[in-house]
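> My file is run.csv. It has CSV, C-alpha atoms and all ligand atoms:
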chain,number,residue,atom,x,y,z
A,500,MET,CA,-12.7,6.4,6.4
A,501,LYS,CA,-10.5,6.9,3.4
A,502,LYS,CA,-9.3,3.8,1.5
A,503,ILE,CA,-6.2,4.0,-0.7
A,504,ALA,CA,-4.5,1.3,-2.7
A,505,ILE,CA,-0.8,1.7,-3.4
A,506,TYR,CA,0.4,-0.4,-6.3
A,507,GLY,CA,3.9,-0.9,-7.8
A,508,LYS,CA,6.2,-3.5,-9.3
A,509,GLY,CA,7.7,-6.0,-6.9
A,510,GLY,CA,11.1,-4.9,-5.6
A,511,ILE,CA,10.5,-1.2,-6.2
A,512,GLY,CA,10.4,-0.3,-2.5
A,513,LYS,CA,6.6,-0.2,-2.4
A,514,SER,CA,6.1,-1.9,1.0
A,515,THR,CA,8.9,0.3,2.5
A,516,THR,CA,7.1,3.4,1.2
A,517,VAL,CA,3.7,2.2,2.4
A,518,SER,CA,5.0,1.3,5.9
A,519,ASN,CA,6.7,4.7,6.3
A,520,LEU,CA,3.6,6.4,5.0
A,521,SER,CA,1.4,4.5,7.5
A,522,ARG,CA,3.7,5.3,10.4
A,523,ALA,CA,3.9,9.0,9.3
A,524,LEU,CA,0.1,9.1,9.1
A,525,ALA,CA,-0.1,7.5,12.6
A,526,ALA,CA,2.3,10.2,13.9
A,527,THR,CA,-0.3,12.8,12.8
A,528,GLY,CA,-2.9,11.1,15.1
A,529,LYS,CA,-4.7,9.1,12.4
A,530,THR,CA,-5.8,5.5,13.0
A,531,VAL,CA,-4.2,3.6,10.1
A,532,MET,CA,-4.9,0.0,8.9
A,533,GLN,CA,-2.3,-1.4,6.5
A,534,ILE,CA,-3.3,-4.5,4.5
A,535,GLY,CA,-0.5,-6.3,2.6
A,536,CYS,CA,-1.9,-7.7,-0.6
A,537,ASP,CA,1.3,-9.3,-1.9
A,538,PRO,CA,1.8,-13.1,-1.7
A,539,LYS,CA,5.2,-12.4,-0.1
A,540,ALA,CA,3.3,-11.2,2.9
A,541,ASP,CA,6.1,-8.9,4.2
A,542,SER,CA,4.4,-5.5,3.7
A,543,THR,CA,4.1,-4.8,7.4
A,544,LYS,CA,7.5,-6.2,8.5
A,545,SER,CA,9.1,-2.9,9.4
A,546,LEU,CA,6.1,-2.0,11.5
A,547,VAL,CA,6.3,-5.1,13.7
A,548,GLY,CA,10.0,-5.3,14.6
A,549,GLY,CA,11.1,-7.1,11.4
A,550,LYS,CA,8.9,-10.1,12.1
A,551,ARG,CA,6.3,-11.7,9.8
A,552,ILE,CA,2.7,-11.8,11.0
A,553,PRO,CA,0.2,-14.7,10.4
A,554,THR,CA,-1.4,-14.3,7.1
A,555,ILE,CA,-5.2,-14.2,6.6
A,556,LEU,CA,-5.2,-17.0,4.1
A,557,HIS,CA,-3.0,-19.3,6.2
A,558,THR,CA,-5.1,-18.6,9.3
A,559,LEU,CA,-8.3,-19.2,7.4
A,560,LYS,CA,-7.0,-22.6,6.2
A,561,GLU,CA,-6.1,-23.6,9.8
A,562,LYS,CA,-8.9,-22.2,11.8
A,563,LYS,CA,-11.6,-21.9,9.1
A,564,ARG,CA,-14.8,-20.1,10.4
A,565,ALA,CA,-13.3,-19.9,13.9
A,566,THR,CA,-10.8,-17.3,12.7
A,567,LYS,CA,-10.9,-14.1,14.9
A,568,LEU,CA,-9.6,-10.7,14.3
A,569,GLU,CA,-6.9,-11.1,16.9
A,570,ASP,CA,-5.6,-14.1,15.0
A,571,ILE,CA,-4.8,-12.1,11.9
A,572,MET,CA,-4.2,-8.5,13.1
A,573,VAL,CA,-1.1,-7.2,14.9
A,574,ILE,CA,-0.9,-3.7,16.3
A,575,GLY,CA,2.4,-2.3,15.1
A,576,ASP,CA,4.5,0.8,15.8
A,577,GLY,CA,2.5,3.9,16.3
A,578,GLY,CA,-0.7,1.8,16.7
A,579,VAL,CA,-0.8,0.9,13.0
A,580,LEU,CA,-3.2,-2.0,12.5
A,581,CYS,CA,-1.2,-4.6,10.4
A,582,LEU,CA,-2.7,-7.3,8.3
A,583,GLU,CA,-1.3,-9.6,5.5
A,584,ALA,CA,-3.6,-11.3,3.0
A,585,GLY,CA,-0.9,-13.9,2.2
A,586,GLY,CA,-0.8,-16.1,-0.9
A,587,PRO,CA,-1.7,-19.6,-2.0
A,588,THR,CA,0.7,-22.6,-2.1
A,589,PRO,CA,3.0,-21.9,-5.1
A,590,GLY,CA,1.7,-23.5,-8.2
A,591,ILE,CA,-1.8,-24.0,-6.8
A,592,GLY,CA,-4.6,-21.5,-6.4
A,593,CYS,CA,-5.1,-17.9,-7.3
A,594,ALA,CA,-3.3,-15.1,-5.5
A,595,GLY,CA,-6.0,-12.7,-6.6
A,596,ARG,CA,-8.7,-15.0,-5.1
A,597,GLY,CA,-6.7,-14.9,-1.9
A,598,ILE,CA,-7.0,-11.1,-1.7
A,599,ILE,CA,-10.8,-11.4,-2.3
A,600,SER,CA,-11.1,-14.0,0.5
A,601,ALA,CA,-9.1,-11.8,2.8
A,602,PHE,CA,-11.3,-8.8,2.1
A,603,GLU,CA,-14.5,-10.8,2.6
A,604,LEU,CA,-13.2,-12.1,5.9
A,605,LEU,CA,-12.4,-8.6,7.2
A,606,GLU,CA,-15.9,-7.5,6.3
A,607,GLU,CA,-17.4,-10.6,8.0
A,608,LEU,CA,-15.5,-9.9,11.1
A,609,ASN,CA,-16.5,-6.2,11.1
A,610,ALA,CA,-12.9,-5.1,11.2
A,611,TYR,CA,-13.6,-1.6,9.9
A,612,GLU,CA,-16.5,-1.0,12.3
A,613,ILE,CA,-14.6,-2.3,15.3
A,614,TYR,CA,-11.3,-0.5,14.8
A,615,LYS,CA,-12.7,2.5,12.9
A,616,PRO,CA,-9.5,3.3,10.9
A,617,ASP,CA,-9.3,6.8,9.5
A,618,ILE,CA,-7.3,5.5,6.6
A,619,VAL,CA,-7.0,2.0,5.2
A,620,ILE,CA,-4.0,1.4,2.9
A,621,TYR,CA,-3.8,-1.6,0.6
A,622,ASP,CA,-0.3,-2.5,-0.4
A,623,VAL,CA,-0.7,-4.3,-3.7
A,624,LEU,CA,1.7,-6.0,-6.0
A,625,GLY,CA,1.3,-4.5,-9.4
A,626,ASP,CA,3.4,-6.8,-11.6
A,627,VAL,CA,0.3,-8.4,-13.1
A,628,VAL,CA,-2.9,-6.4,-12.9
A,629,CYS,CA,-5.2,-9.4,-13.6
A,630,GLY,CA,-8.7,-9.5,-12.3
A,631,GLY,CA,-7.6,-10.8,-8.9
A,632,PHE,CA,-4.9,-8.1,-8.3
A,633,ALA,CA,-7.3,-5.4,-9.6
A,634,MET,CA,-9.7,-6.3,-6.8
A,635,PRO,CA,-8.7,-3.4,-4.5
A,636,LEU,CA,-9.7,-1.1,-7.4
A,637,ARG,CA,-13.2,-2.5,-7.5
A,638,LYS,CA,-16.4,-2.8,-5.5
A,639,GLY,CA,-15.6,0.4,-3.6
A,640,TYR,CA,-12.6,-1.2,-1.7
A,641,SER,CA,-10.4,1.9,-2.5
A,642,ASP,CA,-11.2,5.5,-3.3
A,643,GLU,CA,-7.9,6.4,-4.7
A,644,VAL,CA,-4.8,4.6,-6.2
A,645,PHE,CA,-1.2,5.7,-6.0
A,646,ILE,CA,1.5,4.0,-8.0
A,647,VAL,CA,5.1,3.7,-6.7
A,648,THR,CA,7.6,3.7,-9.5
A,649,SER,CA,11.3,4.4,-10.2
A,650,GLY,CA,12.7,5.5,-13.5
A,651,GLU,CA,13.6,1.9,-14.4
A,652,MET,CA,12.0,0.6,-17.5
A,653,MET,CA,10.1,-2.4,-16.0
A,654,SER,CA,8.9,-0.3,-13.1
A,655,MET,CA,7.4,2.3,-15.4
A,656,TYR,CA,5.9,-0.4,-17.7
A,657,ALA,CA,4.1,-1.8,-14.6
A,658,ALA,CA,3.0,1.7,-13.6
A,659,SER,CA,1.6,2.3,-17.0
A,660,ASN,CA,-0.4,-1.0,-16.9
A,661,ILE,CA,-1.7,-0.3,-13.4
A,662,ALA,CA,-2.8,3.2,-14.6
A,663,LYS,CA,-4.6,1.6,-17.5
A,664,ALA,CA,-6.4,-0.8,-15.1
A,665,VAL,CA,-7.5,2.1,-12.9
A,666,ARG,CA,-8.9,3.8,-16.0
A,667,GLN,CA,-10.9,0.7,-16.8
A,668,PHE,CA,-12.8,1.2,-13.6
A,669,SER,CA,-12.9,5.0,-13.2
A,670,ASN,CA,-16.1,5.4,-15.2
A,671,ARG,CA,-17.9,3.0,-12.9
A,672,GLU,CA,-17.3,5.2,-9.9
A,673,TYR,CA,-14.6,2.9,-8.6
A,674,ALA,CA,-11.1,4.1,-7.6
A,675,SER,CA,-9.4,7.0,-9.3
A,676,LEU,CA,-5.7,7.6,-9.9
A,677,GLY,CA,-4.3,9.9,-7.2
A,678,GLY,CA,-0.8,10.1,-8.7
A,679,LEU,CA,2.7,8.6,-8.9
A,680,ILE,CA,5.2,8.3,-6.0
A,681,LEU,CA,8.7,8.4,-7.4
A,682,ASN,CA,10.9,6.1,-5.3
A,683,ALA,CA,14.3,7.0,-6.8
A,684,LYS,CA,16.9,4.4,-7.8
A,685,ASN,CA,19.3,7.0,-8.9
A,686,ILE,CA,19.3,6.1,-12.6
A,687,GLU,CA,20.2,8.6,-15.2
A,688,ASN,CA,17.5,11.3,-16.0
A,689,GLU,CA,15.2,9.5,-13.5
A,690,GLY,CA,13.2,12.7,-12.7
A,691,GLU,CA,12.6,13.5,-16.4
A,692,LEU,CA,11.7,9.9,-17.3
A,693,VAL,CA,9.0,9.7,-14.6
A,694,LYS,CA,7.8,13.2,-15.3
A,695,LYS,CA,7.3,12.2,-18.9
A,696,LEU,CA,5.4,9.1,-17.8
A,697,SER,CA,3.1,11.1,-15.5
A,698,THR,CA,2.3,13.4,-18.4
A,699,GLU,CA,1.5,10.4,-20.6
A,700,LEU,CA,-0.8,9.0,-17.9
A,701,ASP,CA,-2.4,12.4,-17.3
A,702,THR,CA,-1.4,12.4,-13.7
A,703,SER,CA,1.2,14.0,-11.4
A,704,ILE,CA,4.2,13.0,-9.3
A,705,ILE,CA,2.9,13.6,-5.8
A,706,GLN,CA,6.1,12.8,-4.0
A,707,HIS,CA,9.8,12.4,-5.0
A,708,ILE,CA,11.5,10.0,-2.5
A,709,PRO,CA,15.2,10.2,-2.9
A,710,ARG,CA,17.4,7.2,-2.5
A,711,ASN,CA,19.0,7.2,0.9
A,712,PRO,CA,20.8,4.4,2.8
A,713,ILE,CA,19.1,5.4,6.1
A,714,VAL,CA,15.9,3.6,4.8
A,715,GLN,CA,17.8,0.3,4.6
A,716,LYS,CA,19.5,1.1,8.0
A,717,ALA,CA,16.0,1.4,9.6
A,718,GLU,CA,14.8,-1.8,7.9
A,719,ASN,CA,17.8,-3.7,9.3
A,720,LEU,CA,16.6,-2.6,12.7
A,721,GLY,CA,13.1,-3.9,11.8
A,722,LYS,CA,11.7,-0.4,11.8
A,723,THR,CA,10.5,2.4,9.6
A,724,VAL,CA,12.6,5.5,9.2
A,725,VAL,CA,9.8,7.5,10.8
A,726,GLU,CA,10.1,5.3,13.9
A,727,ALA,CA,13.9,4.8,14.0
A,728,PHE,CA,15.1,8.2,12.8
A,729,PRO,CA,12.3,10.7,13.3
A,730,GLU,CA,14.6,13.7,12.9
A,731,ASP,CA,16.1,12.6,9.7
A,732,GLU,CA,15.4,14.3,6.4
A,733,MET,CA,13.8,11.1,5.0
A,734,SER,CA,11.3,11.0,7.9
A,735,LYS,CA,10.3,14.5,6.9
A,736,ILE,CA,9.8,13.4,3.3
A,737,TYR,CA,7.4,10.6,4.4
A,738,MET,CA,5.6,13.1,6.8
A,739,ASP,CA,5.2,15.4,3.8
A,740,LEU,CA,3.7,12.5,1.8
A,741,ALA,CA,1.3,11.8,4.7
A,742,GLN,CA,0.2,15.4,4.8
A,743,LYS,CA,-0.6,15.4,1.1
A,744,ILE,CA,-2.7,12.2,1.5
A,745,ILE,CA,-4.5,13.8,4.5
A,746,LYS,CA,-5.1,17.0,2.5
A,747,GLU,CA,-6.6,15.0,-0.4
A,748,GLU,CA,-8.9,13.3,2.2
A,749,ASN,CA,-10.0,16.6,3.5
A,750,ASP,CA,-10.5,18.1,0.1
A,751,ASN,CA,-12.5,15.1,-1.1
A,752,GLU,CA,-14.8,15.5,2.0
A,753,LYS,CA,-15.6,19.1,1.2
B,801,LIG,S1,-3.2,-14.3,-13.0
B,801,LIG,FE1,-4.4,-13.3,-11.4
B,801,LIG,S2,-6.5,-14.1,-11.6
B,801,LIG,FE2,-5.0,-15.5,-12.7
B,801,LIG,S3,-4.5,-17.1,-11.2
B,801,LIG,FE3,-2.9,-15.5,-11.1
B,801,LIG,S4,-3.7,-14.1,-9.5
B,801,LIG,FE4,-5.4,-15.4,-10.1
Could you write out this file's structure as structure tokens?


Amino acid sequence: MKKIAIYGKGGIGKSTTVSNLSRALAATGKTVMQIGCDPKADSTKSLVGGKRIPTILHTLKEKKRATKLEDIMVIGDGGVLCLEAGGPTPGIGCAGRGIISAFELLEELNAYEIYKPDIVIYDVLGDVVCGGFAMPLRKGYSDEVFIVTSGEMMSMYAASNIAKAVRQFSNREYASLGGLILNAKNIENEGELVKKLSTELDTSIIQHIPRNPIVQKAENLGKTVVEAFPEDEMSKIYMDLAQKIIKEENDNEK
């Protein structure tokens, strides 16, 4: 089982990228589990027909120890196992603590042993890389971290902070930085700006995802591009990203 965390600034298109990646990995025959770790809890929306699924934190609050896996997990398009950690009541509680509770519950319910995912993807908000939101980097939760960024200043600033947080843990045999995913917003010199950032962070851009209205079109249908428009060029780009992730998985196992 490979576990990857995908971080990025809110609004950068991270969840769209993650959902399309999950669906593309599923299309290759992999069993994929996607865990949304953003208090907005909409990471898996385009895998489940545009709906929202019950969050782990909310269900835990309601059902407490009686919470079962079927209460918090929905099987989405392509068989992707969809979960959302959820967030606390605004102004009260710690969102990072919520992620930790969600992870603990999944372990307690033996989610990984029962569903045996080949790949677990954590979709994590990277605006603030506090101890709580750094959780997926720690304790062996993820093997590798990818950062979604555009060439926008705030997005690259967040990417840089996330990379620094990954470095904090790398010498403790926690997650390592797998690379950047450039989700283009079509700003001037975007490719060069993100290339420069990748050099500064001593990493690489593993995929360039161009801006394309078909992504929004698919989202409006409550679907991923890979599901709604499998023959489209954008689908092929997400499939290409999936192949790179699988290749890394195979290379790491050698
Ligand atoms: S900054 Fe992080 S650790 Fe602090 S309350 Fe917010 S989520 Fe929790």

> Pick from A:Asp731, A:Ala584, A:Ile618, A:Ile505: nearest to Leu676 of chain A, with all atoms listed in the file counted?

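Comparing A:Asp731, A:Ala584, A:Ile618, A:Ile505 against Leu676 of chain A, the winner is A:Ile505.
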
> Counting all atoms listed in the file, which residues have an atom no more than 12 Å from (-9.8, -1.9, -18.6) in the file's coordinates? Please list them as a list in words.

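With a cut-off of 12 Å, the residues come to Val628, Cys629, Gly630, Ala633, Leu636, Arg637, Asn660, Ile661, Ala662, Lys663, Ala664, Val665, Arg666, Gln667, Phe668, Ser669, Asn670 and Arg671 of chain A.
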
> For the residues in the current selection, export C-alpha atoms as a PDB file, keeping the file's coordinate frame.


ATOM      1  CA  VAL A 628      -2.900  -6.400 -12.900  1.00  0.00           C
ATOM      2  CA  CYS A 629      -5.200  -9.400 -13.600  1.00  0.00           C
ATOM      3  CA  GLY A 630      -8.700  -9.500 -12.300  1.00  0.00           C
ATOM      4  CA  ALA A 633      -7.300  -5.400  -9.600  1.00  0.00           C
ATOM      5  CA  LEU A 636      -9.700  -1.100  -7.400  1.00  0.00           C
ATOM      6  CA  ARG A 637     -13.200  -2.500  -7.500  1.00  0.00           C
ATOM      7  CA  ASN A 660      -0.400  -1.000 -16.900  1.00  0.00           C
ATOM      8  CA  ILE A 661      -1.700  -0.300 -13.400  1.00  0.00           C
ATOM      9  CA  ALA A 662      -2.800   3.200 -14.600  1.00  0.00           C
ATOM     10  CA  LYS A 663      -4.600   1.600 -17.500  1.00  0.00           C
ATOM     11  CA  ALA A 664      -6.400  -0.800 -15.100  1.00  0.00           C
ATOM     12  CA  VAL A 665      -7.500   2.100 -12.900  1.00  0.00           C
ATOM     13  CA  ARG A 666      -8.900   3.800 -16.000  1.00  0.00           C
ATOM     14  CA  GLN A 667     -10.900   0.700 -16.800  1.00  0.00           C
ATOM     15  CA  PHE A 668     -12.800   1.200 -13.600  1.00  0.00           C
ATOM     16  CA  SER A 669     -12.900   5.000 -13.200  1.00  0.00           C
ATOM     17  CA  ASN A 670     -16.100   5.400 -15.200  1.00  0.00           C
ATOM     18  CA  ARG A 671     -17.900   3.000 -12.900  1.00  0.00           C
TER      19      ARG A 671
END

> Given the choices A:Met733, A:Ala594, A:Ile745, A:Ile686, which gets closest to Lys716 of chain A if the distance is worked out from all atoms listed in the file?

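So, comparing all the options, the nearest one is A:Met733.
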
> Using all atoms listed in the file, which residue out of A:Gly631, A:Gly578, A:Gly677, A:Gly548 lies closest to ligand LIG 801 (chain B)?

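Comparing A:Gly631, A:Gly578, A:Gly677, A:Gly548 against ligand LIG 801 (chain B), the winner is A:Gly631.
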
> What does the structure give for the distance between atom CA of Leu559 of chain A and atom CA of Val579 of chain A, in Å to one decimal?

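Going from atom CA of Leu559 of chain A over to atom CA of Val579 of chain A covers 22.2 Å.
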
> Neighbours of ligand LIG 801 (chain B) at 12 Å or closer, counting only C-alpha atoms and all ligand atoms: which residues, as a count of residues only?

29

> Just how far from atom CA of Lys563 of chain A is atom CA of Leu604 of chain A, in Å to one decimal?

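Atom CA of Lys563 of chain A lies 10.4 Å from atom CA of Leu604 of chain A.
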
> Kindly give the distance, in Å, that separates atom CA of Gln533 of chain A and atom CA of Gly512 of chain A, rounded to a single decimal.

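One can read the atom CA of Gln533 of chain A to atom CA of Gly512 of chain A distance as 15.6 Å.
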
> Identify which of the residues A:Gln715, A:Lys694, A:Leu546, A:Val647 lies closest to Ile574 of chain A, counting only C-alpha atoms when measuring atom-to-atom distances.

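Looking only at the distances to Ile574 of chain A, the closest residue turns out to be A:Leu546.
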
> Box for segment 567-582 of chain A - axis-aligned, 3 Å on each of the six sides, all listed atoms - centre and size in Å to one decimal, as JSON.


{"center_x": -3.2, "center_y": -5.1, "center_z": 12.6, "size_x": 21.4, "size_y": 24.0, "size_z": 14.6}

> Using all atoms listed in the file, which of A:Thr543, A:Ser697, A:Ser734, A:Ser649 sits nearest Ala683 of chain A?

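Looking at the shortest contact to Ala683 of chain A, the residue is A:Ser649.
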
> Quick one: residues within 12 Å of (5.2, 9.8, -14.6) (file frame), counting only C-alpha atoms, please, as a JSON list (two decimals) with C-alpha atoms, in the coordinates of the input.


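File produced: out.json:
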[["chain", "number", "residue", "atom", "x", "y", "z"],
["A", 645, "PHE", "CA", -1.20, 5.70, -6.00],
["A", 646, "ILE", "CA", 1.50, 4.00, -8.00],
["A", 647, "VAL", "CA", 5.10, 3.70, -6.70],
["A", 648, "THR", "CA", 7.60, 3.70, -9.50],
["A", 649, "SER", "CA", 11.30, 4.40, -10.20],
["A", 650, "GLY", "CA", 12.70, 5.50, -13.50],
["A", 651, "GLU", "CA", 13.60, 1.90, -14.40],
["A", 652, "MET", "CA", 12.00, 0.60, -17.50],
["A", 654, "SER", "CA", 8.90, -0.30, -13.10],
["A", 655, "MET", "CA", 7.40, 2.30, -15.40],
["A", 656, "TYR", "CA", 5.90, -0.40, -17.70],
["A", 657, "ALA", "CA", 4.10, -1.80, -14.60],
["A", 658, "ALA", "CA", 3.00, 1.70, -13.60],
["A", 659, "SER", "CA", 1.60, 2.30, -17.00],
["A", 662, "ALA", "CA", -2.80, 3.20, -14.60],
["A", 678, "GLY", "CA", -0.80, 10.10, -8.70],
["A", 679, "LEU", "CA", 2.70, 8.60, -8.90],
["A", 680, "ILE", "CA", 5.20, 8.30, -6.00],
["A", 681, "LEU", "CA", 8.70, 8.40, -7.40],
["A", 682, "ASN", "CA", 10.90, 6.10, -5.30],
["A", 689, "GLU", "CA", 15.20, 9.50, -13.50],
["A", 690, "GLY", "CA", 13.20, 12.70, -12.70],
["A", 691, "GLU", "CA", 12.60, 13.50, -16.40],
["A", 692, "LEU", "CA", 11.70, 9.90, -17.30],
["A", 693, "VAL", "CA", 9.00, 9.70, -14.60],
["A", 694, "LYS", "CA", 7.80, 13.20, -15.30],
["A", 695, "LYS", "CA", 7.30, 12.20, -18.90],
["A", 696, "LEU", "CA", 5.40, 9.10, -17.80],
["A", 697, "SER", "CA", 3.10, 11.10, -15.50],
["A", 698, "THR", "CA", 2.30, 13.40, -18.40],
["A", 699, "GLU", "CA", 1.50, 10.40, -20.60],
["A", 700, "LEU", "CA", -0.80, 9.00, -17.90],
["A", 701, "ASP", "CA", -2.40, 12.40, -17.30],
["A", 702, "THR", "CA", -1.40, 12.40, -13.70],
["A", 703, "SER", "CA", 1.20, 14.00, -11.40],
["A", 704, "ILE", "CA", 4.20, 13.00, -9.30],
["A", 705, "ILE", "CA", 2.90, 13.60, -5.80],
["A", 706, "GLN", "CA", 6.10, 12.80, -4.00],
["A", 707, "HIS", "CA", 9.80, 12.40, -5.00]]

> Identify which of the residues A:Pro553, A:Glu603, A:Pro616, A:Val573 lies closest to Tyr640 of chain A, counting only C-alpha atoms when measuring atom-to-atom distances.

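Of all the options, A:Glu603 lies closest to Tyr640 of chain A.
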
> Which residues of segment 531-614 of chain A come within 12 Å of segment 717-725 of chain A, and what is each one's closest atom pair and distance in Å (one decimal), counting all atoms listed in the file, sorted by chain and residue number, as JSON lines?


{"residue": "A:Asp541", "atom": "CA", "partner": "A:Gly721", "partner_atom": "CA", "distance": 11.5}
{"residue": "A:Ser542", "atom": "CA", "partner": "A:Thr723", "partner_atom": "CA", "distance": 11.6}
{"residue": "A:Thr543", "atom": "CA", "partner": "A:Lys722", "partner_atom": "CA", "distance": 9.8}
{"residue": "A:Lys544", "atom": "CA", "partner": "A:Gly721", "partner_atom": "CA", "distance": 6.9}
{"residue": "A:Ser545", "atom": "CA", "partner": "A:Lys722", "partner_atom": "CA", "distance": 4.3}
{"residue": "A:Leu546", "atom": "CA", "partner": "A:Lys722", "partner_atom": "CA", "distance": 5.8}
{"residue": "A:Val547", "atom": "CA", "partner": "A:Gly721", "partner_atom": "CA", "distance": 7.2}
{"residue": "A:Gly548", "atom": "CA", "partner": "A:Gly721", "partner_atom": "CA", "distance": 4.4}
{"residue": "A:Gly549", "atom": "CA", "partner": "A:Gly721", "partner_atom": "CA", "distance": 3.8}
{"residue": "A:Lys550", "atom": "CA", "partner": "A:Gly721", "partner_atom": "CA", "distance": 7.5}
{"residue": "A:Arg551", "atom": "CA", "partner": "A:Gly721", "partner_atom": "CA", "distance": 10.5}
{"residue": "A:Gly575", "atom": "CA", "partner": "A:Lys722", "partner_atom": "CA", "distance": 10.0}
{"residue": "A:Asp576", "atom": "CA", "partner": "A:Lys722", "partner_atom": "CA", "distance": 8.3}
{"residue": "A:Gly577", "atom": "CA", "partner": "A:Val725", "partner_atom": "CA", "distance": 9.8}
{"residue": "A:Val579", "atom": "CA", "partner": "A:Thr723", "partner_atom": "CA", "distance": 11.9}

> Taking 3 positions as the minimum chain separation for residues in the same chain, which residues sit within 10 Å of Lys501 of chain A when counting all atoms listed in the file? Answer as JSON, numbers by chain.

{"A": [531, 616, 617, 618, 619, 620, 640, 641, 642, 643, 744, 745, 747, 748, 749, 751, 752]}

> Env of Lys615 of chain A: 8 Å cut, atoms = only C-alpha atoms, seq-sep filter 5 positions within chain, self excluded. Answer as a list of chain:residue names.

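In the requested form, the answer reads A:Met500, A:Thr530, A:Ala610.
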